[in-house]
Every structure is written in structure tokens, then in C-alpha cells.
$ cat my_file-v7.tsv   # TSV, C-alpha atoms and all ligand atoms
chain	number	residue	atom	x	y	z
A	1	MET	CA	63.33	23.00	-16.94
A	2	MET	CA	60.90	20.11	-16.10
A	3	THR	CA	61.70	16.70	-17.50
A	4	ARG	CA	59.07	14.76	-19.44
A	5	LYS	CA	58.85	12.34	-16.43
A	6	THR	CA	58.15	15.19	-13.99
A	7	VAL	CA	55.35	16.54	-16.23
A	8	LEU	CA	53.77	13.10	-16.35
A	9	ILE	CA	53.91	12.69	-12.53
A	10	ILE	CA	52.32	16.15	-11.98
A	11	SER	CA	49.58	15.42	-14.56
A	12	ALA	CA	48.78	12.08	-12.91
A	13	ALA	CA	48.62	13.70	-9.47
A	14	LEU	CA	46.25	16.43	-10.77
A	15	LEU	CA	44.00	13.82	-12.43
A	16	LEU	CA	43.83	11.76	-9.21
A	17	PHE	CA	42.94	14.87	-7.18
A	18	CYS	CA	40.10	15.84	-9.57
A	19	CYS	CA	38.62	12.32	-9.63
A	20	THR	CA	38.74	11.98	-5.85
A	21	ASN	CA	37.08	15.37	-5.50
A	22	ALA	CA	34.34	14.46	-8.00
A	23	THR	CA	33.64	11.17	-6.21
A	24	THR	CA	33.44	12.94	-2.86
A	25	ASN	CA	31.00	15.49	-4.27
A	26	LYS	CA	28.87	12.70	-5.77
A	27	GLU	CA	28.82	10.82	-2.45
A	28	THR	CA	27.90	13.99	-0.59
A	29	ASN	CA	25.01	14.58	-3.02
A	30	MET	CA	23.80	11.00	-2.61
A	31	LYS	CA	23.94	11.30	1.16
A	32	GLN	CA	22.00	14.57	1.00
A	33	ASN	CA	19.37	12.89	-1.21
A	34	ASP	CA	19.11	9.97	1.23
A	35	THR	CA	18.61	12.37	4.10
A	36	THR	CA	15.90	14.21	2.16
A	37	VAL	CA	14.09	10.94	1.40
A	38	THR	CA	14.30	9.83	5.04
A	39	ASN	CA	13.03	13.20	6.23
A	40	ASN	CA	10.12	13.09	3.77
A	41	VAL	CA	9.11	9.64	5.00
A	42	LYS	CA	9.40	10.68	8.63
A	43	LYS	CA	7.42	13.85	7.96
A	44	GLU	CA	4.70	11.95	6.13
A	45	ALA	CA	4.57	9.20	8.74
A	46	GLY	CA	4.53	11.81	11.50
A	47	VAL	CA	1.55	13.66	10.01
A	48	LEU	CA	-0.46	10.49	9.60
A	49	HIS	CA	0.49	9.19	13.03
A	50	VAL	CA	-0.47	12.42	14.73
A	51	ASP	CA	-3.66	12.39	12.67
A	52	LYS	CA	-4.61	8.92	13.91
A	53	GLN	CA	-3.84	9.61	17.54
A	54	SER	CA	-5.42	13.02	17.64
A	55	LYS	CA	-8.44	13.14	19.90
A	56	ASN	CA	-9.32	16.57	18.63
A	57	LYS	CA	-11.50	16.01	15.57
A	58	GLN	CA	-11.26	19.64	14.49
A	59	ASP	CA	-7.45	19.54	14.35
A	60	SER	CA	-7.69	16.25	12.52
A	61	ALA	CA	-10.16	17.68	10.00
A	62	LYS	CA	-7.87	20.67	9.40
A	63	GLN	CA	-5.03	18.33	8.47
A	64	ILE	CA	-7.23	16.36	6.11
A	65	VAL	CA	-8.52	19.48	4.37
A	66	SER	CA	-5.00	20.86	4.06
A	67	THR	CA	-3.60	17.69	2.50
A	68	PRO	CA	-6.15	16.43	-0.03
A	69	ASP	CA	-4.35	14.15	-2.48
A	70	LYS	CA	-6.73	12.57	-4.95
A	71	ASP	CA	-3.91	11.09	-7.01
A	72	TYR	CA	-2.42	9.29	-4.03
A	73	LEU	CA	-5.76	7.98	-2.76
A	74	THR	CA	-6.80	6.65	-6.16
A	75	GLY	CA	-3.54	5.02	-7.24
A	76	ARG	CA	-2.46	7.60	-9.78
A	77	ILE	CA	1.16	7.72	-8.66
A	78	SER	CA	4.31	5.81	-9.58
A	79	PHE	CA	5.34	3.70	-6.59
A	80	SER	CA	8.87	3.21	-7.92
A	81	LYS	CA	9.42	6.97	-8.07
A	82	ASP	CA	7.67	7.90	-4.81
A	83	SER	CA	9.94	8.08	-1.76
A	84	ARG	CA	7.08	6.98	0.52
A	85	PHE	CA	7.10	3.53	-1.07
A	86	VAL	CA	9.62	0.67	-1.01
A	87	LYS	CA	9.82	-2.78	-2.52
A	88	ILE	CA	9.40	-5.72	-0.13
A	89	ASP	CA	12.30	-8.16	-0.47
A	90	PRO	CA	11.16	-10.45	-3.35
A	91	LYS	CA	12.33	-13.42	-1.22
A	92	HIS	CA	9.23	-12.80	0.90
A	93	CYS	CA	6.88	-12.22	-2.07
A	94	ASN	CA	7.33	-15.45	-4.03
A	95	GLY	CA	9.77	-13.54	-6.24
A	96	ARG	CA	7.18	-10.89	-7.18
A	97	THR	CA	7.71	-7.14	-7.24
A	98	VAL	CA	5.57	-5.75	-4.43
A	99	TYR	CA	5.59	-2.11	-3.39
A	100	VAL	CA	4.15	-0.87	-0.09
A	101	ARG	CA	4.58	2.12	2.19
A	102	THR	CA	7.97	2.08	3.94
A	103	GLU	CA	6.32	1.71	7.34
A	104	VAL	CA	4.29	-1.26	6.10
A	105	ALA	CA	7.42	-3.03	4.79
A	106	GLU	CA	9.10	-2.53	8.17
A	107	ALA	CA	6.06	-3.74	10.14
A	108	PHE	CA	5.64	-6.76	7.87
A	109	GLU	CA	9.32	-7.68	8.26
A	110	ASP	CA	9.04	-7.44	12.03
A	111	MET	CA	5.88	-9.59	12.01
A	112	ARG	CA	7.38	-12.10	9.54
A	113	LYS	CA	10.50	-12.63	11.68
A	114	ASN	CA	8.47	-13.15	14.83
A	115	ALA	CA	6.02	-15.48	13.09
A	116	LEU	CA	8.98	-17.57	11.92
A	117	LYS	CA	9.96	-18.12	15.57
A	118	ASP	CA	6.59	-19.90	15.88
A	119	SER	CA	7.27	-21.84	12.62
A	120	ILE	CA	4.76	-19.66	10.72
A	121	VAL	CA	5.99	-18.63	7.25
A	122	LEU	CA	4.38	-15.42	6.02
A	123	PHE	CA	4.78	-14.04	2.52
A	124	VAL	CA	3.12	-11.28	0.51
A	125	LEU	CA	1.23	-11.89	-2.74
A	126	SER	CA	0.07	-8.35	-3.42
A	127	GLY	CA	0.64	-4.84	-2.05
A	128	ALA	CA	0.26	-1.43	-3.64
A	129	ARG	CA	-1.67	-1.30	-6.91
A	130	THR	CA	-2.01	1.62	-9.31
A	131	PHE	CA	-5.29	2.77	-10.85
A	132	GLU	CA	-4.17	1.16	-14.14
A	133	GLN	CA	-3.45	-2.20	-12.48
A	134	GLN	CA	-6.84	-2.21	-10.74
A	135	LYS	CA	-8.51	-1.12	-13.98
A	136	ASN	CA	-6.94	-4.12	-15.76
A	137	ILE	CA	-8.27	-6.54	-13.13
A	138	TRP	CA	-11.71	-4.89	-13.20
A	139	GLU	CA	-12.06	-4.71	-17.00
A	140	ARG	CA	-10.95	-8.33	-17.45
A	141	LYS	CA	-13.83	-9.36	-15.17
A	142	TRP	CA	-16.19	-6.78	-16.73
A	143	LYS	CA	-15.77	-8.66	-20.03
A	144	ILE	CA	-16.33	-12.07	-18.40
A	145	TYR	CA	-19.74	-10.98	-17.04
A	146	GLN	CA	-20.84	-9.17	-20.21
A	147	ASN	CA	-24.20	-10.98	-20.30
A	148	LEU	CA	-25.34	-9.35	-17.05
A	149	GLU	CA	-27.01	-5.95	-16.65
A	150	PRO	CA	-24.50	-3.22	-15.65
A	151	GLN	CA	-25.42	-3.11	-11.95
A	152	ALA	CA	-25.46	-6.91	-11.54
A	153	ARG	CA	-22.23	-7.06	-13.52
A	154	ALA	CA	-20.51	-4.63	-11.14
A	155	LEU	CA	-21.89	-6.36	-8.03
A	156	LYS	CA	-20.64	-9.72	-9.28
A	157	ILE	CA	-17.08	-8.38	-9.62
A	158	LEU	CA	-17.35	-6.55	-6.31
A	159	ALA	CA	-17.70	-9.82	-4.40
A	160	PHE	CA	-13.90	-9.99	-4.22
A	161	SER	CA	-12.43	-7.31	-6.51
A	162	SER	CA	-12.42	-3.56	-6.06
A	163	MET	CA	-13.62	-0.97	-8.49
A	164	PRO	CA	-10.69	1.17	-9.73
A	165	MET	CA	-10.34	4.30	-7.50
A	166	SER	CA	-11.88	2.52	-4.53
A	167	SER	CA	-9.21	-0.05	-3.67
A	168	ARG	CA	-7.32	0.10	-0.41
A	169	HIS	CA	-4.45	-1.44	-2.38
A	170	HIS	CA	-4.01	2.01	-3.99
A	171	TRP	CA	-2.80	3.30	-0.63
A	172	GLY	CA	0.17	0.95	-0.13
A	173	THR	CA	-1.10	0.09	3.34
A	174	ASP	CA	-2.82	-3.22	2.59
A	175	ILE	CA	-1.27	-6.58	1.80
A	176	ASP	CA	-2.56	-9.97	0.67
A	177	MET	CA	-0.72	-12.82	2.34
A	178	ASN	CA	-0.02	-16.49	1.58
A	179	SER	CA	-3.17	-17.49	-0.40
A	180	LEU	CA	-6.14	-15.85	-2.14
A	181	GLU	CA	-8.53	-18.65	-1.11
A	182	ASN	CA	-10.44	-18.56	2.20
A	183	SER	CA	-10.48	-22.39	2.18
A	184	TYR	CA	-6.66	-22.44	2.43
A	185	PHE	CA	-6.92	-20.76	5.83
A	186	GLU	CA	-9.51	-23.19	7.14
A	187	LYS	CA	-7.43	-26.34	7.59
A	188	GLY	CA	-3.88	-27.61	8.23
A	189	LYS	CA	-0.99	-25.19	7.70
A	190	GLY	CA	-3.27	-22.40	6.45
A	191	LEU	CA	-5.44	-22.60	9.55
A	192	LYS	CA	-2.35	-22.34	11.78
A	193	ILE	CA	-1.23	-19.25	9.82
A	194	TYR	CA	-4.67	-17.65	10.14
A	195	GLN	CA	-4.85	-18.41	13.85
A	196	TRP	CA	-1.40	-16.87	14.35
A	197	LEU	CA	-2.42	-13.74	12.40
A	198	THR	CA	-5.68	-13.41	14.32
A	199	GLU	CA	-3.79	-13.58	17.60
A	200	HIS	CA	-0.71	-11.48	16.75
A	201	ALA	CA	-1.11	-9.31	13.62
A	202	LEU	CA	-2.69	-6.36	15.42
A	203	LYS	CA	0.43	-6.01	17.60
A	204	TYR	CA	2.27	-5.14	14.39
A	205	GLY	CA	-0.52	-2.82	13.18
A	206	PHE	CA	-2.29	-5.24	10.80
A	207	CYS	CA	-6.05	-5.81	10.86
A	208	GLN	CA	-8.24	-8.08	8.70
A	209	VAL	CA	-10.52	-5.47	7.13
A	210	TYR	CA	-12.83	-7.89	5.29
A	211	ASN	CA	-13.99	-10.24	8.02
A	212	ASN	CA	-17.16	-12.36	8.21
A	213	LYS	CA	-19.97	-10.13	6.92
A	214	ASN	CA	-22.46	-11.50	9.46
A	215	ILE	CA	-20.49	-9.89	12.25
A	216	ASN	CA	-21.97	-6.43	12.80
A	217	ASN	CA	-23.76	-6.69	9.41
A	218	ARG	CA	-20.72	-5.51	7.50
A	219	THR	CA	-21.48	-4.37	3.93
A	220	GLY	CA	-19.28	-4.70	0.84
A	221	TYR	CA	-16.71	-7.34	-0.08
A	222	GLU	CA	-16.94	-10.98	0.93
A	223	MET	CA	-14.62	-12.21	3.67
A	224	GLU	CA	-10.93	-12.18	2.70
A	225	LYS	CA	-8.76	-14.02	5.21
A	226	TRP	CA	-5.66	-12.97	3.26
A	227	HIS	CA	-6.15	-9.19	3.17
A	228	TRP	CA	-4.60	-7.26	6.08
A	229	SER	CA	-4.40	-3.50	6.47
A	230	TYR	CA	-1.73	-1.49	8.29
A	231	LEU	CA	-3.96	0.66	10.52
A	232	PRO	CA	-1.46	3.27	11.76
A	233	ILE	CA	-1.60	4.73	8.24
A	234	SER	CA	-4.77	3.35	6.63
A	235	HIS	CA	-7.02	4.60	9.44
A	236	SER	CA	-6.35	8.24	8.56
A	237	LEU	CA	-6.22	7.57	4.81
A	238	LEU	CA	-9.82	6.30	4.99
A	239	GLU	CA	-10.82	9.55	6.73
A	240	GLN	CA	-8.93	11.48	4.09
A	241	TYR	CA	-10.61	9.45	1.34
A	242	ASN	CA	-14.08	10.18	2.72
A	243	ASN	CA	-13.27	13.88	2.83
A	244	THR	CA	-11.72	14.04	-0.62
A	245	ILE	CA	-13.22	11.56	-3.08
A	246	GLN	CA	-16.75	11.75	-4.45
A	247	ILE	CA	-18.83	9.50	-6.69
A	248	SER	CA	-18.41	12.06	-9.49
A	249	ASP	CA	-14.65	11.30	-9.43
A	250	PHE	CA	-15.27	7.74	-10.66
A	251	LYS	CA	-14.31	7.98	-14.30
A	252	GLY	CA	-12.07	6.39	-16.90
A	253	PHE	CA	-12.97	2.68	-16.83
A	254	SER	CA	-15.72	0.38	-18.12
A	255	GLY	CA	-18.78	0.38	-15.88
A	256	CYS	CA	-17.75	3.49	-13.92
A	257	GLU	CA	-21.34	4.74	-14.28
A	258	THR	CA	-22.44	2.01	-11.81
A	259	ALA	CA	-20.38	3.50	-8.94
A	260	GLU	CA	-23.34	5.40	-7.50
A	261	GLU	CA	-25.96	2.63	-7.70
A	262	VAL	CA	-23.69	0.04	-6.06
A	263	LYS	CA	-22.87	2.60	-3.31
A	264	ILE	CA	-19.19	2.07	-3.86
A	265	ILE	CA	-18.03	4.53	-1.19
A	266	ASP	CA	-20.63	3.87	1.52
A	267	ASP	CA	-20.92	0.10	1.20
A	268	TYR	CA	-17.49	-0.94	-0.07
A	269	VAL	CA	-14.81	1.60	0.82
A	270	ASN	CA	-16.41	1.99	4.26
A	271	GLY	CA	-17.63	-1.62	4.55
A	272	ILE	CA	-14.83	-2.76	6.83
A	273	ASN	CA	-14.42	-4.78	10.02
A	274	SER	CA	-15.50	-2.55	12.93
A	275	GLU	CA	-12.35	-3.70	14.79
A	276	CYS	CA	-10.26	-1.98	12.12
A	277	LYS	CA	-11.95	1.41	12.41
B	1	ZN	ZN	-6.33	-7.52	-1.09

$ encode --input "my_file-v7.tsv" --output "C-alpha cells" --more "lines below"
Ligand SMILES: [Zn+2]
Amino acid sequence: MMTRKTVLIISAALLLFCCTNATTNKETNMKQNDTTVTNNVKKEAGVLHVDKQSKNKQDSAKQIVSTPDKDYLTGRISFSKDSRFVKIDPKHCNGRTVYVRTEVAEAFEDMRKNALKDSIVLFVLSGARTFEQQKNIWERKWKIYQNLEPQARALKILAFSSMPMSSRHHWGTDIDMNSLENSYFEKGKGLKIYQWLTEHALKYGFCQVYNNKNINNRTGYEMEKWHWSYLPISHSLLEQYNNTIQISDFKGFSGCETAEEVKIIDDYVNGINSECK
């Protein structure tokens, strides 16, 4: 007959076995999830990369047609729940929460570290923005300019701010760095940062999409020395955008009826630095 002590020892041993087994199963599940996430990112990155490098326009077009994603292109996704997006370390975002595509975070980190070797400190002020976030920015300004006629009102905002649905910030490929004033980048420390970016950013995939408008008669937004786009992904997303989004899709915010008259897609979405195309 078992003593009370023996029963207790056997019970404890059984309990330990069960717990260990449960932990192992949990860890296995987590590892499987991690692998799935990594594979998704690689798959997505691979598709876009192939798309950019493809010289065969027909193949490229097939991929675009087969993967239309209006929600992604117009910021109607949750970055925190989408495995394609990660948060940049808040240390390098002035403590802000900034989401971007995984590849963009990696490229920025690589660029940031190398810039630091030249005593250039880079940090991110803004990355991916949802439709709702862009709508808030737009509608705040829409109220400010309420005395203007609708078209003039939209054009006034469009000097520096995007219409919801048309922002490259929806894509998670574009970042604003260091300052939102062109004048900051025109003297002293800011000038040194801008000169470094102009010389080196492209090596890491980043291009200043809104350059001086007088160069090649660029249309759309005024120059933004702080806004840089990660071309290995954004190049094909622009193609995808042009094949997927139409003026009739612009709905759900104040002044959306002006989208056609201000030529939002032709002049603004496509009004980028020819070096970034
Ligand atoms: Zn920007």
C-alpha cells in the first residue's frame, strides 16, 4: 500500500510533467507562428522585388492584376496586426510610435548606423499612416481654409499634405526624417544631414520623392526635404496603385468631391521626382 508521502511525490512528478509538456507545446506553436510571419514577409518582399526588377512588362502587369489590394494601398489596414509591418525602435523616432514595412525598418537601421559613423544623426518623425489618420490631418486643414472655394481649399492643403487615399504614407514605404521644415535642411546641422542623405540614401533604397518642382516640371506637392521613399517596394506599389485605384474610389472625407478637379492621381500621386521612378 502506498504511503501518503509516496502519493504526494507521484502527484508532484505528474504535475511537473504536464506543465513542462504544455510549455513545450506553447513554445512550438510560437515558433511555428514566427516562421509563418517570416515566410509571409519574405513571400511579400519577394513578389514586390521580382516585380520591380522584371523587365517583362506583361509579367509585371499580370502580377499587379492578380494582387489588387485597395485596402492596403489606401491605408485601410491595421499596421499593428499586419505581419508586413513593424515598429521602428522609438529611440530613433523621438519616442513616437512609428510603423513601417519590415524591409523599410531594416534599411533605415542600416542607413542610420552608417550615417552615425559620419556623425550624422537620423531619426524618423512619421512613417505609415492609416486612412483615418490622414483623414484627421486633412479635415483639420479643411476647416482652417473654410472661407475658400472647394477647389482652392483642396489645393491649399495639397501644398504639403496628402488627400486621404492618395498618401504614400499609407504604404509604409515612406518616412519623414529629422524636421518638417525645408529651412532646417538649408543651413548648419540640417544642411549636413541633407547633403549626407543626397549622397548616400539611395544606396539604402531611399529617394527624395518631392524634390524641387522646377526640375523636370514636377507637378503636385511642394518640395519636402524630409520625405524619403523606399523604392524597392514603393516603385511597384505606385504601379499597383495606378492599376487599381480610380477617382471614383475617393470617398468618405470632407472635400472628396474635389479629387477629380485637382487631378489627385495624375498630378499628385504621380507627381514625383523622376529619379525615383
Ligand atoms: Zn511625408

$ closest_residue --input "my_file-v7.tsv" --among "A:Ile175, A:Ile233, A:Ile265, A:Ile272" --to "ligand ZN 1 (chain B)" --atoms "only C-alpha atoms and all ligand atoms"
A:Ile175

$ residues_near_ligand --input "my_file-v7.tsv" --ligand "ligand ZN 1 (chain B)" --cutoff "8 Å" --atoms "only C-alpha atoms and all ligand atoms" --output "PyMOL selection string"
chain A and resi 126-127+168-169+174-176+224+226-228

$ atom_distance --input "my_file-v7.tsv" --atom1 "atom CA of A:Phe123" --atom2 "atom CA of A:Val86"
15.9 Å

$ residues_around --input "my_file-v7.tsv" --residues "A:Tyr221" --least-positions-apart "2" --cutoff "9 Å" --atoms "only C-alpha atoms" --output "list in words"
Leu158, Ala159, Phe160, Ser161, Ser162, Tyr210, Lys213, Arg218, Thr219, Met223, Glu224, Asp267, Tyr268, Gly271 and Ile272 of chain A

$ atom_distance --input "my_file-v7.tsv" --atom1 "atom CA of A:Glu139" --atom2 "atom CA of A:Phe185"
28.4 Å

$ residues_around --input "my_file-v7.tsv" --residues "A:Trp142" --least-positions-apart "6" --cutoff "8 Å" --atoms "only C-alpha atoms" --output "VMD selection string"
chain A and resid 153 to 154 157 254 to 255

$ residues_around --input "my_file-v7.tsv" --residues "A:Thr258" --least-positions-apart "2" --cutoff "7 Å" --atoms "only C-alpha atoms" --output "JSON, numbers by chain"
{"A": [150, 151, 154, 255, 256, 260, 261, 262]}

$ atom_distance --input "my_file-v7.tsv" --atom1 "atom CA of A:Trp138" --atom2 "atom CA of A:Lys263"
16.7 Å

$ closest_residue --input "my_file-v7.tsv" --among "A:Lys189, A:Lys117, A:Arg101, A:Lys203" --to "A:Tyr72" --atoms "all atoms listed in the file"
A:Arg101

$ closest_residue --input "my_file-v7.tsv" --among "A:Met177, A:Leu122, A:Leu202, A:Met165" --to "A:Ile264" --atoms "only C-alpha atoms"
A:Met165

$ residues_near_point --input "my_file-v7.tsv" --point "(-7.5, -4.2, 10.0)" --cutoff "9 Å" --atoms "all atoms listed in the file" --output "list of chain:residue names"
A:Asp174, A:Ala201, A:Leu202, A:Gly205, A:Phe206, A:Cys207, A:Gln208, A:Val209, A:Tyr210, A:His227, A:Trp228, A:Ser229, A:Tyr230, A:Leu231, A:Ser234, A:His235, A:Ile272, A:Asn273, A:Ser274, A:Glu275, A:Cys276, A:Lys277

$ closest_residue --input "my_file-v7.tsv" --among "A:Ile120, A:Met111, A:Ile247, A:Ala128" --to "A:Tyr99" --atoms "all atoms listed in the file"
A:Ala128
